[in-house]
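Below: run-v4.cif (mmCIF, C-alpha atoms)
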data_start
#
loop_
_atom_site.group_PDB
_atom_site.id
_atom_site.type_symbol
_atom_site.label_atom_id
_atom_site.label_comp_id
_atom_site.auth_asym_id
_atom_site.auth_seq_id
_atom_site.Cartn_x
_atom_site.Cartn_y
_atom_site.Cartn_z
ATOM 1 C CA MET A 1 -26.758 -18.741 -14.174
ATOM 2 C CA ARG A 2 -23.428 -18.935 -15.992
ATOM 3 C CA ASP A 3 -20.187 -19.883 -14.284
ATOM 4 C CA MET A 4 -17.620 -17.657 -16.012
ATOM 5 C CA THR A 5 -14.667 -18.493 -13.774
ATOM 6 C CA GLU A 6 -12.719 -19.959 -16.692
ATOM 7 C CA ASP A 7 -13.445 -16.870 -18.785
ATOM 8 C CA LEU A 8 -12.037 -14.758 -15.968
ATOM 9 C CA VAL A 9 -8.906 -16.927 -15.891
ATOM 10 C CA GLY A 10 -8.377 -16.127 -19.562
ATOM 11 C CA LEU A 11 -8.753 -12.437 -18.791
ATOM 12 C CA VAL A 12 -7.052 -12.065 -15.409
ATOM 13 C CA PRO A 13 -4.434 -14.602 -14.276
ATOM 14 C CA PRO A 14 -5.240 -15.956 -10.810
ATOM 15 C CA PRO A 15 -2.539 -15.772 -8.124
ATOM 16 C CA GLU A 16 0.013 -18.566 -8.066
ATOM 17 C CA GLU A 17 -0.653 -18.910 -4.340
ATOM 18 C CA PRO A 18 -4.260 -17.794 -3.692
ATOM 19 C CA ASP A 19 -5.287 -16.599 -0.253
ATOM 20 C CA PRO A 20 -7.435 -19.374 1.270
ATOM 21 C CA ALA A 21 -11.169 -18.767 1.168
ATOM 22 C CA GLY A 22 -12.792 -21.290 3.444
ATOM 23 C CA GLY A 23 -15.424 -21.281 6.118
ATOM 24 C CA GLY A 24 -19.146 -21.799 6.294
ATOM 25 C CA LEU A 25 -22.156 -19.538 6.536
ATOM 26 C CA PRO A 26 -25.475 -19.588 8.381
ATOM 27 C CA GLU A 27 -28.082 -21.642 6.542
ATOM 28 C CA SER A 28 -30.042 -18.447 5.846
ATOM 29 C CA VAL A 29 -27.159 -17.024 3.767
ATOM 30 C CA VAL A 30 -26.661 -18.490 0.300
ATOM 31 C CA LEU A 31 -23.659 -18.073 -1.998
ATOM 32 C CA PRO A 32 -23.928 -19.469 -5.547
ATOM 33 C CA GLU A 33 -21.813 -22.330 -6.857
ATOM 34 C CA ASP A 34 -20.034 -20.198 -9.455
ATOM 35 C CA TYR A 35 -18.771 -17.893 -6.716
ATOM 36 C CA LEU A 36 -17.503 -20.801 -4.641
ATOM 37 C CA HIS A 37 -15.758 -22.132 -7.751
ATOM 38 C CA PHE A 38 -14.210 -18.691 -8.288
ATOM 39 C CA LEU A 39 -12.872 -18.673 -4.721
ATOM 40 C CA SER A 40 -11.311 -22.106 -5.210
ATOM 41 C CA VAL A 41 -9.314 -20.695 -8.155
ATOM 42 C CA TYR A 42 -8.610 -17.101 -7.124
ATOM 43 C CA GLY A 43 -9.086 -17.030 -3.364
ATOM 44 C CA VAL A 44 -9.617 -13.712 -1.603
ATOM 45 C CA GLY A 45 -8.283 -10.629 -3.347
ATOM 46 C CA THR A 46 -8.766 -7.427 -5.282
ATOM 47 C CA PHE A 47 -9.471 -6.650 -8.935
ATOM 48 C CA ASP A 48 -7.640 -3.653 -10.403
ATOM 49 C CA MET A 49 -6.777 -2.233 -6.973
ATOM 50 C CA PHE A 50 -10.446 -1.387 -6.375
ATOM 51 C CA LEU A 51 -12.976 -4.235 -6.184
ATOM 52 C CA HIS A 52 -12.392 -6.530 -3.210
ATOM 53 C CA VAL A 53 -13.780 -10.081 -3.202
ATOM 54 C CA MET A 54 -14.486 -11.669 0.180
ATOM 55 C CA ALA A 55 -14.545 -15.187 1.597
ATOM 56 C CA PRO A 56 -17.409 -16.838 3.509
ATOM 57 C CA GLU A 57 -15.210 -16.611 6.621
ATOM 58 C CA HIS A 58 -11.965 -14.686 7.111
ATOM 59 C CA ASP A 59 -9.763 -13.547 10.001
ATOM 60 C CA ASN A 60 -10.082 -10.005 8.647
ATOM 61 C CA GLU A 61 -13.672 -8.934 9.317
ATOM 62 C CA TYR A 62 -13.633 -6.670 6.257
ATOM 63 C CA LEU A 63 -13.003 -9.700 4.048
ATOM 64 C CA SER A 64 -15.608 -11.945 5.671
ATOM 65 C CA VAL A 65 -19.002 -12.441 4.023
ATOM 66 C CA ARG A 66 -20.446 -13.376 7.398
ATOM 67 C CA GLU A 67 -19.164 -10.257 9.165
ATOM 68 C CA ARG A 68 -19.846 -7.814 6.348
ATOM 69 C CA THR A 69 -23.381 -9.116 5.852
ATOM 70 C CA ALA A 70 -24.138 -8.731 9.569
ATOM 71 C CA SER A 71 -22.624 -5.236 9.515
ATOM 72 C CA PHE A 72 -24.698 -4.336 6.462
ATOM 73 C CA TRP A 73 -27.952 -5.210 8.221
ATOM 74 C CA SER A 74 -26.894 -3.166 11.264
ATOM 75 C CA VAL A 75 -26.107 -0.111 9.145
ATOM 76 C CA LEU A 76 -29.372 -0.449 7.253
ATOM 77 C CA ALA A 77 -31.316 -0.636 10.518
ATOM 78 C CA ARG A 78 -29.619 2.507 11.868
ATOM 79 C CA MET A 79 -30.413 4.400 8.677
ATOM 80 C CA LEU A 80 -34.098 3.584 9.154
ATOM 81 C CA GLU A 81 -34.274 4.772 12.761
ATOM 82 C CA PRO A 82 -36.716 7.667 13.351
ATOM 83 C CA ASN A 83 -35.155 11.109 13.072
ATOM 84 C CA PRO A 84 -36.722 13.604 15.509
ATOM 85 C CA THR A 85 -35.745 16.476 13.245
ATOM 86 C CA VAL A 86 -37.892 15.338 10.339
ATOM 87 C CA GLU A 87 -40.667 13.435 12.102
ATOM 88 C CA PRO A 88 -43.034 16.487 12.164
ATOM 89 C CA LEU A 89 -42.713 16.773 8.363
ATOM 90 C CA ARG A 90 -43.053 13.089 7.607
ATOM 91 C CA GLY A 91 -46.842 13.142 7.633
ATOM 92 C CA MET A 92 -47.025 16.079 5.245
ATOM 93 C CA LEU A 93 -44.462 14.936 2.683
ATOM 94 C CA GLY A 94 -44.767 11.177 3.013
ATOM 95 C CA ALA A 95 -42.463 8.647 4.646
ATOM 96 C CA GLY A 96 -40.520 8.018 1.458
ATOM 97 C CA ALA A 97 -39.327 11.619 1.347
ATOM 98 C CA PHE A 98 -37.063 10.988 4.335
ATOM 99 C CA ASP A 99 -36.494 7.271 3.988
ATOM 100 C CA PRO A 100 -34.733 6.890 0.614
ATOM 101 C CA VAL A 101 -33.426 3.470 1.649
ATOM 102 C CA ALA A 102 -36.836 2.194 2.794
ATOM 103 C CA PRO A 103 -37.702 0.584 -0.579
ATOM 104 C CA LEU A 104 -34.296 -1.115 -0.606
ATOM 105 C CA ALA A 105 -34.724 -2.348 2.952
ATOM 106 C CA ASP A 106 -38.229 -3.660 2.245
ATOM 107 C CA SER A 107 -37.112 -5.646 -0.803
ATOM 108 C CA LEU A 108 -34.082 -7.130 0.953
ATOM 109 C CA ARG A 109 -36.061 -8.077 4.056
ATOM 110 C CA ALA A 110 -38.457 -9.964 1.801
ATOM 111 C CA ALA A 111 -35.629 -11.887 0.104
ATOM 112 C CA ALA A 112 -34.805 -15.484 0.931
ATOM 113 C CA SER A 113 -31.088 -14.681 1.294
ATOM 114 C CA VAL A 114 -28.808 -11.642 1.223
ATOM 115 C CA ALA A 115 -25.008 -11.883 1.274
ATOM 116 C CA VAL A 116 -22.376 -9.159 0.941
ATOM 117 C CA TRP A 117 -19.609 -10.742 -1.151
ATOM 118 C CA GLY A 118 -17.649 -7.712 -2.382
ATOM 119 C CA SER A 119 -16.781 -4.097 -1.664
ATOM 120 C CA THR A 120 -14.831 -1.267 -3.233
ATOM 121 C CA ASP A 121 -12.276 1.255 -2.072
ATOM 122 C CA ASN A 122 -15.054 3.860 -2.238
ATOM 123 C CA GLY A 123 -17.281 1.951 0.176
ATOM 124 C CA ASP A 124 -19.715 0.494 -2.391
ATOM 125 C CA LEU A 125 -21.082 -2.972 -1.626
ATOM 126 C CA CYS A 126 -21.761 -5.953 -3.881
ATOM 127 C CA LEU A 127 -24.520 -8.301 -2.722
ATOM 128 C CA TRP A 128 -25.935 -11.617 -3.850
ATOM 129 C CA VAL A 129 -29.700 -11.574 -3.383
ATOM 130 C CA VAL A 130 -31.958 -14.600 -3.699
ATOM 131 C CA PRO A 131 -35.646 -13.623 -4.002
ATOM 132 C CA ASP A 132 -38.252 -15.378 -1.908
ATOM 133 C CA ASP A 133 -40.376 -16.246 -4.938
ATOM 134 C CA GLY A 134 -38.074 -18.937 -6.294
ATOM 135 C CA GLU A 135 -36.568 -16.791 -9.059
ATOM 136 C CA ASP A 136 -32.829 -16.779 -9.783
ATOM 137 C CA GLY A 137 -30.526 -14.760 -7.576
ATOM 138 C CA PHE A 138 -28.965 -11.540 -8.812
ATOM 139 C CA VAL A 139 -26.103 -9.157 -8.115
ATOM 140 C CA LEU A 140 -27.013 -5.921 -6.358
ATOM 141 C CA VAL A 141 -24.526 -3.041 -6.149
ATOM 142 C CA ILE A 142 -25.244 -0.435 -3.475
ATOM 143 C CA GLY A 143 -23.496 2.936 -3.585
ATOM 144 C CA SER A 144 -21.454 3.987 -0.576
ATOM 145 C CA ARG A 145 -24.115 6.385 0.705
ATOM 146 C CA PHE A 146 -26.972 3.907 0.203
ATOM 147 C CA GLU A 147 -28.650 6.504 -2.018
ATOM 148 C CA ASP A 148 -28.431 4.475 -5.211
ATOM 149 C CA TRP A 149 -28.431 0.800 -6.049
ATOM 150 C CA TYR A 150 -28.275 -1.226 -9.238
ATOM 151 C CA GLU A 151 -29.579 -4.714 -9.981
ATOM 152 C CA TYR A 152 -27.938 -7.105 -12.453
ATOM 153 C CA GLY A 153 -29.626 -10.381 -13.353
ATOM 154 C CA VAL A 154 -26.395 -12.324 -13.832
ATOM 155 C CA SER A 155 -24.176 -14.651 -11.813
ATOM 156 C CA ILE A 156 -21.364 -13.212 -9.703
ATOM 157 C CA THR A 157 -18.641 -14.453 -12.058
ATOM 158 C CA GLU A 158 -20.490 -13.116 -15.108
ATOM 159 C CA PHE A 159 -20.858 -9.771 -13.349
ATOM 160 C CA LEU A 160 -17.116 -9.673 -12.649
ATOM 161 C CA HIS A 161 -16.248 -10.620 -16.224
ATOM 162 C CA ARG A 162 -18.636 -8.104 -17.773
ATOM 163 C CA ILE A 163 -17.488 -5.329 -15.438
ATOM 164 C CA LEU A 164 -13.867 -5.903 -16.437
ATOM 165 C CA THR A 165 -14.621 -6.148 -20.157
ATOM 166 C CA GLY A 166 -17.004 -3.196 -20.286
ATOM 167 C CA GLY A 167 -20.167 -5.221 -20.817
ATOM 168 C CA ILE A 168 -21.522 -3.660 -17.632
ATOM 169 C CA ARG A 169 -20.872 -0.074 -16.599
ATOM 170 C CA CYS A 170 -22.069 0.372 -13.037
ATOM 171 C CA PRO A 171 -22.862 4.053 -12.269
ATOM 172 C CA ALA A 172 -21.717 3.519 -8.672
ATOM 173 C CA PHE A 173 -18.151 2.800 -9.803
ATOM 174 C CA PRO A 174 -15.713 5.517 -10.933
ATOM 175 C CA GLU A 175 -14.879 6.037 -14.597
ATOM 176 C CA ASP A 176 -11.275 4.889 -14.101
ATOM 177 C CA PHE A 177 -12.434 1.415 -13.060
ATOM 178 C CA PRO A 178 -11.681 -1.034 -14.551
ATOM 179 C CA SER A 179 -8.080 -0.047 -15.109
ATOM 180 C CA THR A 180 -6.508 0.809 -18.447
ATOM 181 C CA GLY A 181 -3.679 -1.654 -17.872
ATOM 182 C CA GLU A 182 -1.193 1.007 -16.845
ATOM 183 C CA ILE A 183 1.049 0.357 -13.865
ATOM 184 C CA PRO A 184 0.083 2.712 -11.019
ATOM 185 C CA PRO A 185 2.632 5.385 -10.063
ATOM 186 C CA SER A 186 5.119 3.995 -7.587
ATOM 187 C CA ARG A 187 8.186 5.019 -5.636
ATOM 188 C CA ASP A 188 9.676 1.603 -6.399
ATOM 189 C CA LEU A 189 8.396 0.314 -9.737
ATOM 190 C CA THR A 190 10.551 -2.813 -9.730
ATOM 191 C CA ALA A 191 8.881 -3.960 -6.519
ATOM 192 C CA ILE A 192 5.462 -4.280 -8.115
ATOM 193 C CA GLU A 193 5.743 -4.300 -11.910
ATOM 194 C CA GLU A 194 5.390 -8.095 -12.176
ATOM 195 C CA LEU A 195 1.938 -7.767 -10.569
ATOM 196 C CA PHE A 196 0.665 -5.743 -13.521
ATOM 197 C CA SER A 197 1.787 -7.840 -16.482
ATOM 198 C CA THR A 198 -1.724 -7.940 -18.007
ATOM 199 C CA ARG A 199 -4.456 -5.378 -18.637
ATOM 200 C CA HIS A 200 -6.297 -6.362 -15.455
ATOM 201 C CA SER A 201 -4.914 -7.520 -12.138
ATOM 202 C CA PHE A 202 -6.123 -9.678 -9.262
ATOM 203 C CA LEU A 203 -3.981 -9.280 -6.152
ATOM 204 C CA THR A 204 -3.907 -11.271 -2.941
ATOM 205 C CA GLY A 205 -3.945 -9.398 0.341
ATOM 206 C CA ASP A 206 -0.133 -9.475 0.637
ATOM 207 C CA GLN A 207 0.290 -8.273 -2.956
ATOM 208 C CA TYR A 208 -2.195 -5.479 -2.406
ATOM 209 C CA ILE A 209 -0.229 -4.311 0.626
ATOM 210 C CA ARG A 210 3.010 -4.394 -1.406
ATOM 211 C CA VAL A 211 1.485 -2.049 -3.957
ATOM 212 C CA MET A 212 0.067 0.282 -1.318
ATOM 213 C CA ASP A 213 3.453 0.438 0.406
ATOM 214 C CA ALA A 214 5.085 1.361 -2.915
ATOM 215 C CA TRP A 215 2.385 3.891 -3.778
ATOM 216 C CA PRO A 216 3.421 7.523 -3.110
ATOM 217 C CA ALA A 217 1.132 8.887 -0.421
ATOM 218 C CA PRO A 218 -0.189 12.380 -1.340
ATOM 219 C CA TRP A 219 1.157 13.975 1.837
ATOM 220 C CA LYS A 220 4.584 12.438 1.232
ATOM 221 C CA THR A 221 4.647 13.710 -2.352
ATOM 222 C CA ILE A 222 3.805 17.230 -1.163
ATOM 223 C CA GLN A 223 6.504 17.028 1.506
ATOM 224 C CA GLU A 224 9.115 15.860 -1.021
ATOM 225 C CA GLU A 225 8.228 18.701 -3.403
ATOM 226 C CA ARG A 226 8.601 21.228 -0.600
ATOM 227 C CA GLU A 227 12.002 19.812 0.324
ATOM 228 C CA LYS A 228 13.132 20.071 -3.306
ATOM 229 C CA ARG A 229 12.038 23.709 -3.522
ATOM 230 C CA THR A 230 13.727 24.505 -0.215
ATOM 231 C CA GLY A 231 16.952 22.922 -1.464
ATOM 232 C CA VAL A 232 16.861 25.017 -4.621
ATOM 233 C CA GLU A 233 16.279 28.196 -2.689
#

Represent the structure from my file as structure tokens, please.
Amino acid sequence: MRDMTEDLVGLVPPPEEPDPAGGGLPESVVLPEDYLHFLSVYGVGTFDMFLHVMAPEHDNEYLSVRERTASFWSVLARMLEPNPTVEPLRGMLGAGAFDPVAPLADSLRAAASVAVWGSTDNGDLCLWVVPDDGEDGFVLVIGSRFEDWYEYGVSITEFLHRILTGGIRCPAFPEDFPSTGEIPPSRDLTAIEELFSTRHSFLTGDQYIRVMDAWPAPWKTIQEEREKRTGVE
């Protein structure tokens, strides 16, 4: 597996002061060396205001590999619980007709290690899966509704690089990701423009919050337009 951390540095400047990404994991959860190298350079943060990269441990549970992996297994288990509404039909149509995530669950339960290392604003999850048969690990992207998933036989850093450069187009991600390099609309452009000096961005948690605070909320925009029209009238 290729470590493409340095290639990412040439594409997306890392933060001058990365958010720390420390902590350990249970022995049953494995994260590859290239990902740990990436964290030592970039820390925890977000690519192009959409793809969030976690740390093995973090005070924020949504940025913790440990917490998000445990939560993932809990959600998967709930989705596989018997549904009284469809149980009478299960025998006629087959279990798979009402358990679309069953094949996914079966394959992941058979794996040697499963770790959730990334997520998106849409609720998609990025996993690192190590098969039980000794083969190389791979990146698995699961759509937000668990109805679709996509396997990529590359390292985490190669996945990130190829996603940003267009070498991989994941159907789970929207067409406007990765970004086009344009600065997002903002009420205060000067407050955030230095964060978008290159085609792609990687923001720390504090930087991400700065952008979100400067971003015009839809309801606020509607309210401002109404006030303008009222003033004219």

Checklist outcome for this item: In Å and to one decimal, CA of Phe177 in chain A is distant from CA of Thr5 in chain A by 20.0 Å

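Every residue that the PyMOL selection byres ((chain A and resi 14) around 6) selects in this file is listed here: A:Pro13, A:Pro15, A:Tyr42.
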
Which range 95-204 of chain A residues have any atom within 8 Å of an atom of range 46-59 of chain A, and for each, what is the nearest pair of atoms with distance in Å to one decimal, counting only C-alpha atoms, rows sorted by chain and number, as JSON lines?
{"residue": "A:Trp117", "atom": "CA", "partner": "A:Met54", "partner_atom": "CA", "distance": 5.4}
{"residue": "A:Gly118", "atom": "CA", "partner": "A:Val53", "partner_atom": "CA", "distance": 4.6}
{"residue": "A:Ser119", "atom": "CA", "partner": "A:His52", "partner_atom": "CA", "distance": 5.3}
{"residue": "A:Thr120", "atom": "CA", "partner": "A:Leu51", "partner_atom": "CA", "distance": 4.6}
{"residue": "A:Asp121", "atom": "CA", "partner": "A:Phe50", "partner_atom": "CA", "distance": 5.4}
{"residue": "A:Phe177", "atom": "CA", "partner": "A:Asp48", "partner_atom": "CA", "distance": 7.5}
{"residue": "A:Pro178", "atom": "CA", "partner": "A:Asp48", "partner_atom": "CA", "distance": 6.4}
{"residue": "A:Ser179", "atom": "CA", "partner": "A:Asp48", "partner_atom": "CA", "distance": 5.9}
{"residue": "A:His200", "atom": "CA", "partner": "A:Asp48", "partner_atom": "CA", "distance": 5.9}
{"residue": "A:Ser201", "atom": "CA", "partner": "A:Asp48", "partner_atom": "CA", "distance": 5.0}
{"residue": "A:Phe202", "atom": "CA", "partner": "A:Phe47", "partner_atom": "CA", "distance": 4.5}
{"residue": "A:Leu203", "atom": "CA", "partner": "A:Thr46", "partner_atom": "CA", "distance": 5.2}
{"residue": "A:Thr204", "atom": "CA", "partner": "A:Thr46", "partner_atom": "CA", "distance": 6.6}

Item to check | Selection result for the PyMOL selection byres ((chain A and resi 20-22) around 6) on this file, as a list in words | outcome: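 Selected by the PyMOL selection byres ((chain A and resi 20-22) around 6) in this file: Asp19, Gly23, Gly43, Val44 and Ala55 of chain A.
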
Next on the checklist: Please compute the CA of Gly123 in chain A-CA of Thr165 in chain A distance, one decimal, in Å.
Outcome noted: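 One can read the CA of Gly123 in chain A to CA of Thr165 in chain A distance as 22.0 Å.
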
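Across A:Leu164, A:Ala111, A:Met79, A:Ala70, the tightest approach to Asp7 in chain A is made by A:Leu164 when counting only C-alpha atoms.
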
Checklist entry - In Å, with one decimal, what is the gap from CA of Ile156 in chain A to CA of Leu127 in chain A? => result 9.1 Å

Checklist entry - Taking into account all atoms listed in the file, which residue in the set A:Pro32, A:Met1, A:Gly45, A:Val65 is nearest to Val129 in chain A? => result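 Ranked by minimum distance to Val129 in chain A, first place goes to A:Pro32.
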
Checklist entry - Neighbours of Arg78 in chain A within 12 Å (all atoms listed in the file; same-chain residues fewer than 6 positions away dropped), as a PyMOL selection string? => result chain A and resi 71-72+99+101-102+105

Residue subset to file, keeping C-alpha atoms, as a short mmCIF file (atom, residue, chain, number, x, y, z; two decimals), in the coordinates of the input:
data_model
loop_
_atom_site.label_atom_id
_atom_site.label_comp_id
_atom_site.auth_asym_id
_atom_site.auth_seq_id
_atom_site.Cartn_x
_atom_site.Cartn_y
_atom_site.Cartn_z
CA SER A 71 -22.62 -5.24 9.52
CA PHE A 72 -24.70 -4.34 6.46
CA ASP A 99 -36.49 7.27 3.99
CA VAL A 101 -33.43 3.47 1.65
CA ALA A 102 -36.84 2.19 2.79
CA ALA A 105 -34.72 -2.35 2.95
#

Next on the checklist: Can you spell out as a ChimeraX atom specification the set of residues that the PyMOL selection byres ((chain A and resi 137) around 9) selects in the structure I just provided?
Outcome noted: /A:1,32,113,128-131,134-136,138-139,153-155

Next on the checklist: Measuring between only C-alpha atoms, which one of A:Thr157, A:Ser40, A:Ser107, A:Ser64 shows the shortest distance to Met4 in chain A?
Outcome noted: A:Thr157

Box for range 32-49 of chain A - axis-aligned, 5 Å on each of the six sides, all listed atoms - centre and size in Å to one decimal, as JSON.
{"center_x": -15.4, "center_y": -12.3, "center_z": -6.0, "size_x": 27.2, "size_y": 30.1, "size_z": 18.8}

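If all atoms listed in the file are the atoms counted, then among A:Leu140, A:Leu36, A:Ala110, A:Val75 the closest residue to Cys126 in chain A is A:Leu140.
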
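Between Ile163 in chain A and the residues A:Phe146, A:Val141, A:Arg68, A:Leu104, the shortest atom-to-atom distance, using all atoms listed in the file, involves A:Val141.
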
Item to check | Nearest to Val9 in chain A, chosen from A:Ile168, A:Val211, A:Leu31, A:Val41, with all atoms listed in the file counted in the distances | outcome: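 Comparing A:Ile168, A:Val211, A:Leu31, A:Val41 against Val9 in chain A, the winner is A:Val41.
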
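Using all atoms listed in the file, the residues found no farther than 12 Å from Pro171 in chain A, other than those of its own chain fewer than 2 positions away, are A:Asp124, A:Val141, A:Ile142, A:Gly143, A:Ser144, A:Asp148, A:Trp149, A:Tyr150, A:Glu151, A:Ile163, A:Ile168, A:Arg169, A:Phe173, A:Pro174, A:Glu175, A:Asp176, A:Phe177.
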
Restricting it to C-alpha atoms, dump the selection as a compact mmCIF listing (two decimals), in the coordinates of the input.
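Result file is out20.txt:
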# COMPACT_ATOMS: atom_id res chain seq x y z
CA ASP A 124 -19.72 0.49 -2.39
CA VAL A 141 -24.53 -3.04 -6.15
CA ILE A 142 -25.24 -0.44 -3.48
CA GLY A 143 -23.50 2.94 -3.58
CA SER A 144 -21.45 3.99 -0.58
CA ASP A 148 -28.43 4.47 -5.21
CA TRP A 149 -28.43 0.80 -6.05
CA TYR A 150 -28.28 -1.23 -9.24
CA GLU A 151 -29.58 -4.71 -9.98
CA ILE A 163 -17.49 -5.33 -15.44
CA ILE A 168 -21.52 -3.66 -17.63
CA ARG A 169 -20.87 -0.07 -16.60
CA PHE A 173 -18.15 2.80 -9.80
CA PRO A 174 -15.71 5.52 -10.93
CA GLU A 175 -14.88 6.04 -14.60
CA ASP A 176 -11.28 4.89 -14.10
CA PHE A 177 -12.43 1.42 -13.06

Would you mind writing range 66-73 of chain A with all heavy atoms, as a PDB file, keeping the file's coordinate frame?
ATOM      1  N   ARG A  66     -19.613 -13.306   6.198  1.00  0.00           N
ATOM      2  CA  ARG A  66     -20.446 -13.376   7.398  1.00  0.00           C
ATOM      3  C   ARG A  66     -20.454 -12.038   8.144  1.00  0.00           C
ATOM      4  O   ARG A  66     -21.518 -11.497   8.477  1.00  0.00           O
ATOM      5  CB  ARG A  66     -19.936 -14.477   8.337  1.00  0.00           C
ATOM      6  CG  ARG A  66     -20.712 -14.571   9.642  1.00  0.00           C
ATOM      7  CD  ARG A  66     -19.990 -15.460  10.636  1.00  0.00           C
ATOM      8  NE  ARG A  66     -20.024 -16.854  10.262  1.00  0.00           N
ATOM      9  CZ  ARG A  66     -20.996 -17.700  10.620  1.00  0.00           C
ATOM     10  NH1 ARG A  66     -22.000 -17.262  11.354  1.00  0.00           N
ATOM     11  NH2 ARG A  66     -20.953 -18.957  10.254  1.00  0.00           N
ATOM     12  N   GLU A  67     -19.259 -11.491   8.383  1.00  0.00           N
ATOM     13  CA  GLU A  67     -19.164 -10.257   9.165  1.00  0.00           C
ATOM     14  C   GLU A  67     -19.716  -9.055   8.404  1.00  0.00           C
ATOM     15  O   GLU A  67     -20.410  -8.213   8.966  1.00  0.00           O
ATOM     16  CB  GLU A  67     -17.712 -10.002   9.562  1.00  0.00           C
ATOM     17  CG  GLU A  67     -17.109 -11.057  10.481  1.00  0.00           C
ATOM     18  CD  GLU A  67     -17.834 -11.134  11.810  1.00  0.00           C
ATOM     19  OE1 GLU A  67     -18.379 -10.095  12.264  1.00  0.00           O
ATOM     20  OE2 GLU A  67     -17.874 -12.238  12.397  1.00  0.00           O
ATOM     21  N   ARG A  68     -19.397  -8.969   7.117  1.00  0.00           N
ATOM     22  CA  ARG A  68     -19.846  -7.814   6.348  1.00  0.00           C
ATOM     23  C   ARG A  68     -21.354  -7.837   6.123  1.00  0.00           C
ATOM     24  O   ARG A  68     -21.997  -6.783   6.066  1.00  0.00           O
ATOM     25  CB  ARG A  68     -19.119  -7.753   5.002  1.00  0.00           C
ATOM     26  CG  ARG A  68     -17.632  -7.430   5.103  1.00  0.00           C
ATOM     27  CD  ARG A  68     -17.358  -6.108   5.808  1.00  0.00           C
ATOM     28  NE  ARG A  68     -17.865  -4.951   5.108  1.00  0.00           N
ATOM     29  CZ  ARG A  68     -17.211  -4.279   4.171  1.00  0.00           C
ATOM     30  NH1 ARG A  68     -16.009  -4.679   3.786  1.00  0.00           N
ATOM     31  NH2 ARG A  68     -17.755  -3.216   3.611  1.00  0.00           N
ATOM     32  N   THR A  69     -21.926  -9.020   6.009  1.00  0.00           N
ATOM     33  CA  THR A  69     -23.381  -9.116   5.852  1.00  0.00           C
ATOM     34  C   THR A  69     -24.074  -8.681   7.138  1.00  0.00           C
ATOM     35  O   THR A  69     -25.053  -7.924   7.109  1.00  0.00           O
ATOM     36  CB  THR A  69     -23.794 -10.546   5.479  1.00  0.00           C
ATOM     37  OG1 THR A  69     -23.156 -10.918   4.248  1.00  0.00           O
ATOM     38  CG2 THR A  69     -25.297 -10.642   5.305  1.00  0.00           C
ATOM     39  N   ALA A  70     -23.560  -9.142   8.284  1.00  0.00           N
ATOM     40  CA  ALA A  70     -24.138  -8.731   9.569  1.00  0.00           C
ATOM     41  C   ALA A  70     -24.005  -7.226   9.760  1.00  0.00           C
ATOM     42  O   ALA A  70     -24.935  -6.555  10.216  1.00  0.00           O
ATOM     43  CB  ALA A  70     -23.451  -9.486  10.710  1.00  0.00           C
ATOM     44  N   SER A  71     -22.843  -6.677   9.400  1.00  0.00           N
ATOM     45  CA  SER A  71     -22.624  -5.236   9.515  1.00  0.00           C
ATOM     46  C   SER A  71     -23.563  -4.467   8.597  1.00  0.00           C
ATOM     47  O   SER A  71     -24.090  -3.409   8.977  1.00  0.00           O
ATOM     48  CB  SER A  71     -21.168  -4.915   9.162  1.00  0.00           C
ATOM     49  OG  SER A  71     -20.949  -3.518   9.124  1.00  0.00           O
ATOM     50  N   PHE A  72     -23.799  -4.993   7.407  1.00  0.00           N
ATOM     51  CA  PHE A  72     -24.698  -4.336   6.462  1.00  0.00           C
ATOM     52  C   PHE A  72     -26.102  -4.198   7.053  1.00  0.00           C
ATOM     53  O   PHE A  72     -26.718  -3.125   6.986  1.00  0.00           O
ATOM     54  CB  PHE A  72     -24.754  -5.124   5.152  1.00  0.00           C
ATOM     55  CG  PHE A  72     -25.871  -4.719   4.247  1.00  0.00           C
ATOM     56  CD1 PHE A  72     -25.780  -3.553   3.506  1.00  0.00           C
ATOM     57  CD2 PHE A  72     -27.015  -5.494   4.129  1.00  0.00           C
ATOM     58  CE1 PHE A  72     -26.820  -3.157   2.670  1.00  0.00           C
ATOM     59  CE2 PHE A  72     -28.051  -5.113   3.300  1.00  0.00           C
ATOM     60  CZ  PHE A  72     -27.962  -3.945   2.569  1.00  0.00           C
ATOM     61  N   TRP A  73     -26.611  -5.269   7.636  1.00  0.00           N
ATOM     62  CA  TRP A  73     -27.952  -5.210   8.221  1.00  0.00           C
ATOM     63  C   TRP A  73     -28.003  -4.206   9.369  1.00  0.00           C
ATOM     64  O   TRP A  73     -29.011  -3.491   9.536  1.00  0.00           O
ATOM     65  CB  TRP A  73     -28.385  -6.592   8.710  1.00  0.00           C
ATOM     66  CG  TRP A  73     -28.806  -7.542   7.646  1.00  0.00           C
ATOM     67  CD1 TRP A  73     -28.215  -8.722   7.327  1.00  0.00           C
ATOM     68  CD2 TRP A  73     -29.913  -7.399   6.747  1.00  0.00           C
ATOM     69  NE1 TRP A  73     -28.872  -9.331   6.285  1.00  0.00           N
ATOM     70  CE2 TRP A  73     -29.924  -8.543   5.910  1.00  0.00           C
ATOM     71  CE3 TRP A  73     -30.885  -6.426   6.574  1.00  0.00           C
ATOM     72  CZ2 TRP A  73     -30.888  -8.732   4.912  1.00  0.00           C
ATOM     73  CZ3 TRP A  73     -31.840  -6.606   5.570  1.00  0.00           C
ATOM     74  CH2 TRP A  73     -31.832  -7.745   4.767  1.00  0.00           C
TER      75      TRP A  73
END
